[in-house]
Amino acid sequence: MRLATLLCLIALPAAADPFVDRVVDTVALPRFDAFASAAGALAEAAQDDCSATGPALRQAWNDAFDAFLPAQAFRSGPMEDRGIGIAYWPDPKGFTEKSLIALLAANGPDLASAETYSGVSVAARGLYALEVMLFDPAFKTYGPEDPGCALVGAATADLALTARAASAAWALDYAPLLRSAGEPANTRFLTTQEVRQSLFTQLLTQLEFDKDERLGRPLGSLEKPRPTRAESRASGRSLRNIRVSLAANEDLARALGADQTEGVLPAFAYARSVADKLTDPTLADVGTPGGRFRVQELADAIGRVAETCSAELGAVLGVAPGFNALDGD
């Protein structure tokens, strides 16, 4: 058998891809590590003082939310089965409040530890359930001896465990899987192009989520705006969530080659400038003509970012958008 034929039969390691390596090393892994650290600090703050009125606990929750938003873009991989337990939103039927009321009324073993709490309804887990407990006037009046305090302690510990597991899974399992596309043992990603497409699609998915959910839900319709549907109204961070997510999306786009495009970074810059003009932290002014115009302007700007990324960034990467996590079955 000739040498050339022998070489063809030997499984060679896949060549490193600069885009994939940059996303993994400078974006994904640092984000999940930061989220795990912030979620751990939140659980520690709850151990020190689990009462809702404690400023340290509220600040730790805000820090954890800030750390989660950049990681949220990576919905595939380790977050496919963990994401909903971290961030159950939108919640149009109010399952979070209903589930928390039921747990508090039962005051049973579900509040005992993170391990048992991980088995409760996803609506009562994660950042949004904790937001209700810490900021909703109907829930935040509990003290150290109240079941609410035990619930917050278990829920924060559960969140910390979930965040650590996601971070570890990314570092130990998913990152190597992304880097080894095309190798015989990798049955999920058969080519590096599939990895690029997956990461690219996740960027577009997050931009879509910001536009259609974070902004689209409170915008409602021209005849019937829905300001009460804004994300994180109770904590007063609806606008902040959009700004943090937009900045994180820009960083991800840069890692995917935005500096090699003509229009992607200018589109992000324009969207940032529009966001900076908004002043209502909960987007409540969508109920006024002027307020609605400004919020709609931001939604349109983010839509243009997504369109520009789809065309120009896709060309740089040599891929087209794929199926995304928000498309449903």
# chains A, B, ... in the order shown; residues from 1 in each chain; ligands from 1
call {"tool": "closest_atom_pairs", "arguments": {"of": "range 182-217 of chain A", "to": "range 249-273 of chain A", "cutoff": "12 Å", "atoms": "only C-alpha atoms", "output": "JSON lines"}}
result
{"residue": "A:Val195", "atom": "CA", "partner": "A:Leu256", "partner_atom": "CA", "distance": 11.5}
{"residue": "A:Arg196", "atom": "CA", "partner": "A:Leu256", "partner_atom": "CA", "distance": 8.4}
{"residue": "A:Gln197", "atom": "CA", "partner": "A:Leu256", "partner_atom": "CA", "distance": 10.5}
{"residue": "A:Ser198", "atom": "CA", "partner": "A:Leu256", "partner_atom": "CA", "distance": 11.4}
{"residue": "A:Leu199", "atom": "CA", "partner": "A:Leu256", "partner_atom": "CA", "distance": 8.3}
{"residue": "A:Phe200", "atom": "CA", "partner": "A:Leu256", "partner_atom": "CA", "distance": 7.5}
{"residue": "A:Thr201", "atom": "CA", "partner": "A:Ala253", "partner_atom": "CA", "distance": 11.0}
{"residue": "A:Gln202", "atom": "CA", "partner": "A:Leu252", "partner_atom": "CA", "distance": 9.7}
{"residue": "A:Leu203", "atom": "CA", "partner": "A:Asn249", "partner_atom": "CA", "distance": 6.5}
{"residue": "A:Leu204", "atom": "CA", "partner": "A:Asn249", "partner_atom": "CA", "distance": 8.8}
{"residue": "A:Thr205", "atom": "CA", "partner": "A:Asn249", "partner_atom": "CA", "distance": 10.2}
{"residue": "A:Gln206", "atom": "CA", "partner": "A:Asn249", "partner_atom": "CA", "distance": 7.5}
{"residue": "A:Leu207", "atom": "CA", "partner": "A:Asn249", "partner_atom": "CA", "distance": 7.3}
{"residue": "A:Glu208", "atom": "CA", "partner": "A:Asn249", "partner_atom": "CA", "distance": 11.0}
{"residue": "A:Phe209", "atom": "CA", "partner": "A:Asn249", "partner_atom": "CA", "distance": 11.4}
{"residue": "A:Asp210", "atom": "CA", "partner": "A:Asn249", "partner_atom": "CA", "distance": 10.1}
{"residue": "A:Lys211", "atom": "CA", "partner": "A:Ala271", "partner_atom": "CA", "distance": 11.2}
call {"tool": "write_last_selection", "arguments": {"atoms": "N, CA, C and O atoms", "output": "PDB file, in the first residue's frame"}}
result
ATOM      1  N   VAL A 195     -19.641  24.128  13.539  1.00  0.00           N
ATOM      2  CA  VAL A 195     -19.396  24.839  14.791  1.00  0.00           C
ATOM      3  C   VAL A 195     -19.579  26.336  14.580  1.00  0.00           C
ATOM      4  O   VAL A 195     -20.233  27.021  15.369  1.00  0.00           O
ATOM      5  N   ARG A 196     -18.997  26.844  13.513  1.00  0.00           N
ATOM      6  CA  ARG A 196     -19.166  28.268  13.211  1.00  0.00           C
ATOM      7  C   ARG A 196     -20.642  28.625  13.080  1.00  0.00           C
ATOM      8  O   ARG A 196     -21.095  29.649  13.602  1.00  0.00           O
ATOM      9  N   GLN A 197     -21.372  27.787  12.369  1.00  0.00           N
ATOM     10  CA  GLN A 197     -22.793  28.052  12.174  1.00  0.00           C
ATOM     11  C   GLN A 197     -23.541  28.063  13.506  1.00  0.00           C
ATOM     12  O   GLN A 197     -24.404  28.902  13.737  1.00  0.00           O
ATOM     13  N   SER A 198     -23.192  27.137  14.388  1.00  0.00           N
ATOM     14  CA  SER A 198     -23.849  27.075  15.691  1.00  0.00           C
ATOM     15  C   SER A 198     -23.594  28.343  16.493  1.00  0.00           C
ATOM     16  O   SER A 198     -24.527  28.940  17.054  1.00  0.00           O
ATOM     17  N   LEU A 199     -22.355  28.789  16.558  1.00  0.00           N
ATOM     18  CA  LEU A 199     -22.022  29.989  17.324  1.00  0.00           C
ATOM     19  C   LEU A 199     -22.649  31.229  16.696  1.00  0.00           C
ATOM     20  O   LEU A 199     -23.152  32.116  17.400  1.00  0.00           O
ATOM     21  N   PHE A 200     -22.632  31.296  15.377  1.00  0.00           N
ATOM     22  CA  PHE A 200     -23.230  32.411  14.650  1.00  0.00           C
ATOM     23  C   PHE A 200     -24.737  32.465  14.885  1.00  0.00           C
ATOM     24  O   PHE A 200     -25.311  33.534  15.137  1.00  0.00           O
ATOM     25  N   THR A 201     -25.385  31.317  14.838  1.00  0.00           N
ATOM     26  CA  THR A 201     -26.832  31.260  15.056  1.00  0.00           C
ATOM     27  C   THR A 201     -27.194  31.689  16.471  1.00  0.00           C
ATOM     28  O   THR A 201     -28.219  32.346  16.691  1.00  0.00           O
ATOM     29  N   GLN A 202     -26.343  31.346  17.431  1.00  0.00           N
ATOM     30  CA  GLN A 202     -26.636  31.745  18.807  1.00  0.00           C
ATOM     31  C   GLN A 202     -26.549  33.258  18.991  1.00  0.00           C
ATOM     32  O   GLN A 202     -27.324  33.847  19.764  1.00  0.00           O
ATOM     33  N   LEU A 203     -25.642  33.899  18.281  1.00  0.00           N
ATOM     34  CA  LEU A 203     -25.600  35.362  18.309  1.00  0.00           C
ATOM     35  C   LEU A 203     -26.893  35.941  17.747  1.00  0.00           C
ATOM     36  O   LEU A 203     -27.505  36.833  18.358  1.00  0.00           O
ATOM     37  N   LEU A 204     -27.323  35.458  16.593  1.00  0.00           N
ATOM     38  CA  LEU A 204     -28.554  35.965  15.985  1.00  0.00           C
ATOM     39  C   LEU A 204     -29.765  35.673  16.863  1.00  0.00           C
ATOM     40  O   LEU A 204     -30.687  36.489  16.955  1.00  0.00           O
ATOM     41  N   THR A 205     -29.768  34.523  17.516  1.00  0.00           N
ATOM     42  CA  THR A 205     -30.877  34.170  18.415  1.00  0.00           C
ATOM     43  C   THR A 205     -30.986  35.147  19.563  1.00  0.00           C
ATOM     44  O   THR A 205     -32.085  35.580  19.930  1.00  0.00           O
ATOM     45  N   GLN A 206     -29.845  35.526  20.135  1.00  0.00           N
ATOM     46  CA  GLN A 206     -29.882  36.456  21.261  1.00  0.00           C
ATOM     47  C   GLN A 206     -30.330  37.840  20.819  1.00  0.00           C
ATOM     48  O   GLN A 206     -31.079  38.513  21.530  1.00  0.00           O
ATOM     49  N   LEU A 207     -29.893  38.282  19.652  1.00  0.00           N
ATOM     50  CA  LEU A 207     -30.367  39.560  19.122  1.00  0.00           C
ATOM     51  C   LEU A 207     -31.879  39.512  18.890  1.00  0.00           C
ATOM     52  O   LEU A 207     -32.599  40.476  19.194  1.00  0.00           O
ATOM     53  N   GLU A 208     -32.358  38.401  18.370  1.00  0.00           N
ATOM     54  CA  GLU A 208     -33.796  38.212  18.163  1.00  0.00           C
ATOM     55  C   GLU A 208     -34.554  38.248  19.488  1.00  0.00           C
ATOM     56  O   GLU A 208     -35.625  38.853  19.595  1.00  0.00           O
ATOM     57  N   PHE A 209     -33.985  37.630  20.510  1.00  0.00           N
ATOM     58  CA  PHE A 209     -34.628  37.602  21.822  1.00  0.00           C
ATOM     59  C   PHE A 209     -34.726  39.018  22.396  1.00  0.00           C
ATOM     60  O   PHE A 209     -35.756  39.410  22.956  1.00  0.00           O
ATOM     61  N   ASP A 210     -33.654  39.785  22.271  1.00  0.00           N
ATOM     62  CA  ASP A 210     -33.678  41.159  22.777  1.00  0.00           C
ATOM     63  C   ASP A 210     -34.743  41.986  22.056  1.00  0.00           C
ATOM     64  O   ASP A 210     -35.461  42.774  22.684  1.00  0.00           O
ATOM     65  N   LYS A 211     -34.819  41.823  20.747  1.00  0.00           N
ATOM     66  CA  LYS A 211     -35.766  42.610  19.962  1.00  0.00           C
ATOM     67  C   LYS A 211     -37.207  42.168  20.189  1.00  0.00           C
ATOM     68  O   LYS A 211     -38.094  42.995  20.458  1.00  0.00           O
TER      69      LYS A 211
END
call {"tool": "select_by_dssp", "arguments": {"residues": "range 33-148 of chain A", "states": "alpha helix (DSSP H)", "output": "PyMOL selection string"}}
result
chain A and resi 33-48+55-72+83-86+95-106+114-117+126-135+147-148
call {"tool": "closest_residue", "arguments": {"among": "A:Asn186, A:Thr228, A:Gln59, A:Ser235", "to": "Ala41 in chain A", "atoms": "only C-alpha atoms"}}
result
A:Gln59
call {"tool": "closest_atom_pairs", "arguments": {"of": "range 8-68 of chain A", "to": "range 143-160 of chain A", "cutoff": "12 Å", "atoms": "only C-alpha atoms", "output": "Markdown table"}}
result
| residue | atom | partner | partner_atom | distance |
| --- | --- | --- | --- | --- |
| A:Phe32 | CA | A:Ala160 | CA | 11.7 |
| A:Asp33 | CA | A:Ala160 | CA | 11.5 |
| A:Ala34 | CA | A:Ala160 | CA | 11.6 |
| A:Phe35 | CA | A:Ala160 | CA | 8.9 |
| A:Ala36 | CA | A:Ala160 | CA | 6.4 |
| A:Ser37 | CA | A:Ala160 | CA | 8.2 |
| A:Ala38 | CA | A:Ala160 | CA | 8.2 |
| A:Ala39 | CA | A:Ala160 | CA | 4.7 |
| A:Gly40 | CA | A:Ala160 | CA | 4.9 |
| A:Ala41 | CA | A:Ala160 | CA | 8.3 |
| A:Leu42 | CA | A:Thr156 | CA | 6.5 |
| A:Ala43 | CA | A:Thr156 | CA | 4.7 |
| A:Glu44 | CA | A:Ala157 | CA | 8.3 |
| A:Ala45 | CA | A:Thr156 | CA | 9.0 |
| A:Ala46 | CA | A:Gly153 | CA | 5.5 |
| A:Gln47 | CA | A:Gly153 | CA | 6.4 |
| A:Asp48 | CA | A:Gly153 | CA | 9.6 |
| A:Asp49 | CA | A:Pro144 | CA | 7.7 |
| A:Cys50 | CA | A:Cys149 | CA | 5.3 |
| A:Ser51 | CA | A:Gly143 | CA | 5.2 |
| A:Ala52 | CA | A:Gly143 | CA | 7.6 |
| A:Thr53 | CA | A:Gly143 | CA | 8.7 |
| A:Gly54 | CA | A:Gly143 | CA | 10.0 |
| A:Leu57 | CA | A:Val152 | CA | 10.0 |
| A:Arg58 | CA | A:Val152 | CA | 11.5 |
| A:Ala60 | CA | A:Thr156 | CA | 10.4 |
| A:Trp61 | CA | A:Thr156 | CA | 9.0 |
| A:Ala64 | CA | A:Ala160 | CA | 9.7 |
| A:Phe65 | CA | A:Leu159 | CA | 11.3 |
| A:Phe68 | CA | A:Leu159 | CA | 11.0 |
call {"tool": "residues_around", "arguments": {"residues": "range 123-128 of chain A", "least_positions_apart": "4", "cutoff": "7 Å", "atoms": "only C-alpha atoms", "output": "number ranges by chain"}}
result
A: 65, 85-88, 95-96, 99-100, 132, 155, 159
call {"tool": "atom_distance", "arguments": {"atom1": "CA of Pro92 in chain A", "atom2": "CA of Val305 in chain A"}}
result
27.2 Å
call {"tool": "atom_distance", "arguments": {"atom1": "CA of Val274 in chain A", "atom2": "CA of Phe293 in chain A"}}
result
11.1 Å
call {"tool": "closest_residue", "arguments": {"among": "A:Asp81, A:Asp91, A:Glu194, A:Glu223", "to": "Asp17 in chain A", "atoms": "only C-alpha atoms"}}
result
A:Glu194
call {"tool": "closest_residue", "arguments": {"among": "A:Thr282, A:Ser118, A:Ser167, A:Ser180", "to": "Pro218 in chain A", "atoms": "only C-alpha atoms"}}
result
A:Thr282
call {"tool": "closest_residue", "arguments": {"among": "A:Leu161, A:Arg243, A:Asp212, A:Lys224", "to": "Ser113 in chain A", "atoms": "only C-alpha atoms"}}
result
A:Leu161
call {"tool": "closest_residue", "arguments": {"among": "A:Pro281, A:Gly303, A:Gly216, A:Gly94", "to": "Leu246 in chain A", "atoms": "only C-alpha atoms"}}
result
A:Gly303
call {"tool": "atom_distance", "arguments": {"atom1": "CA of Ser76 in chain A", "atom2": "CA of Tyr174 in chain A"}}
result
9.6 Å
